[in-house]
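To start, the structure itself, in structure tokens.
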Amino acid sequence: MRKAGWNPIWKWLAIIAMIFLLAPLAIALLNGPGGSSGLYPSPNAYETISNASRSITRLPFDYDTSDDVEMLKEYVESNREALSEIDKALTQQSRVPLDYTVPLDELLNASGTVRLPMRLLIVQARVAELEENPGAAADVYAKMSVLSPKLATGGLLVHVMIASAYETMALEKLIELTPRLSAVEKKRVLSVLTTNARKPIDFDLVRERESDYCKHEHGTVRGSILLWSGSALVDQQVDRAIETDDELLRLRDEAIDLLGS
């Protein structure tokens with residue numbers, strides 16, 4: 001007596017159906033998002049800067065172009081507490097506190113909290129320049145150049161891009177001011193740069209965090225598809241960020257060489 005067997009077509013259909021059923025599970029297991037983005041230092045310079053940002057008063061509209069020294073000085077004086085917090089952040093370790101449960105628009109909005117403290121420093125430096133005090137201005141720009149990359153540590157590409165913009169400005173201004181500095185001022189500013197080593201950003205880790213966030217935001221399967229479909233654009237953005245980081249390292253070396261000459 002013959003035993004009934006499966007029609008070969010049904011066998012293949014069953015196999016294909018099983019593959020489709022198991023594929024999402026396989027993706028979730030093999031390509032799932034990472035867990036915590038790491039341990040956070042305490043105190044955390046990023047949190048200190050965020051707290052300073054919340055206490056800063058309204059920024060003058062023409063803060064970076066105004067020649068009204070008294071108005072700018074008044075603004076700086078009204079934010080002495082925030083400046084004190086910024087100084088504290090310089091001595092602290094830093095890591096961006098990534099919360100993968102926060103929607104992307106909120107995270108992008110929060111990433112801009114470093115802007116107000118940086119702009120406050122720009123005003124402080126501008127006051128010094130308008131008062132013909134290049135040494136004091138250089139001190140502020142040195143501070144900005146050290147603080148900026150710290151505030152991108154452990155963050156996403158958006159944090160890196162914001163930090164890079166302020167670091168670029170700080171180093172370019174520092175290079176511009178150096179010929180006007182006295183030997184004592186050069187030595188003081190040089191000490192700030194050399195005692196705060198600047199390492200290249202690890203963009204492999206940045207990519208990992210971008211991937212983890214996307215998968216947490218959209219789910220592993222959809223997030224993986226979005227990452228795959230947008231990989232070319234992300235690659236372009238990362239390549240530009242790497243070029244910028246290389247240029248920042250070059251600018252920093254140039255500033256150190258000028259200050260040491």
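Each chain in the structure tokens gets a letter, A, B, ..., in the order shown, and its residues are numbered from 1; ligands are numbered from 1 in order too.
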Item checked: Test item: residues at most 9 Å from A:Arg198, only C-alpha atoms, excluding those fewer than 3 positions along its chain, as a list in words ->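 So the residues in contact are Val146, Pro149, Lys150, Leu193, Thr194, Ile201, Leu249 and Arg252 of chain A.
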query: Got a sec: who's within 9 Å of A:Leu156, counting only C-alpha atoms, leaving out chain neighbours fewer than 5 positions off, as a list in words?
result: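 Residues near the query, excluding close chain neighbours: Val96, Leu98, Met161, Val206, Arg207, Arg209, Glu210 and Tyr213 of chain A.
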Members of stretch 37-222 of chain A assigned helix (DSSP H, G or I) by DSSP, as a PyMOL selection string:
chain A and resi 45-55+69-77+80-90+104-130+134-150+157-180+183-194+203-218+220-222
Quiz prompt | A:Ile49 environment, 9 Å, only C-alpha atoms, sequence neighbours closer than 2 positions dropped, as number ranges by chain | solution = A: 44-47, 51-54, 82, 85-86, 88-89, 113-114, 117, 151
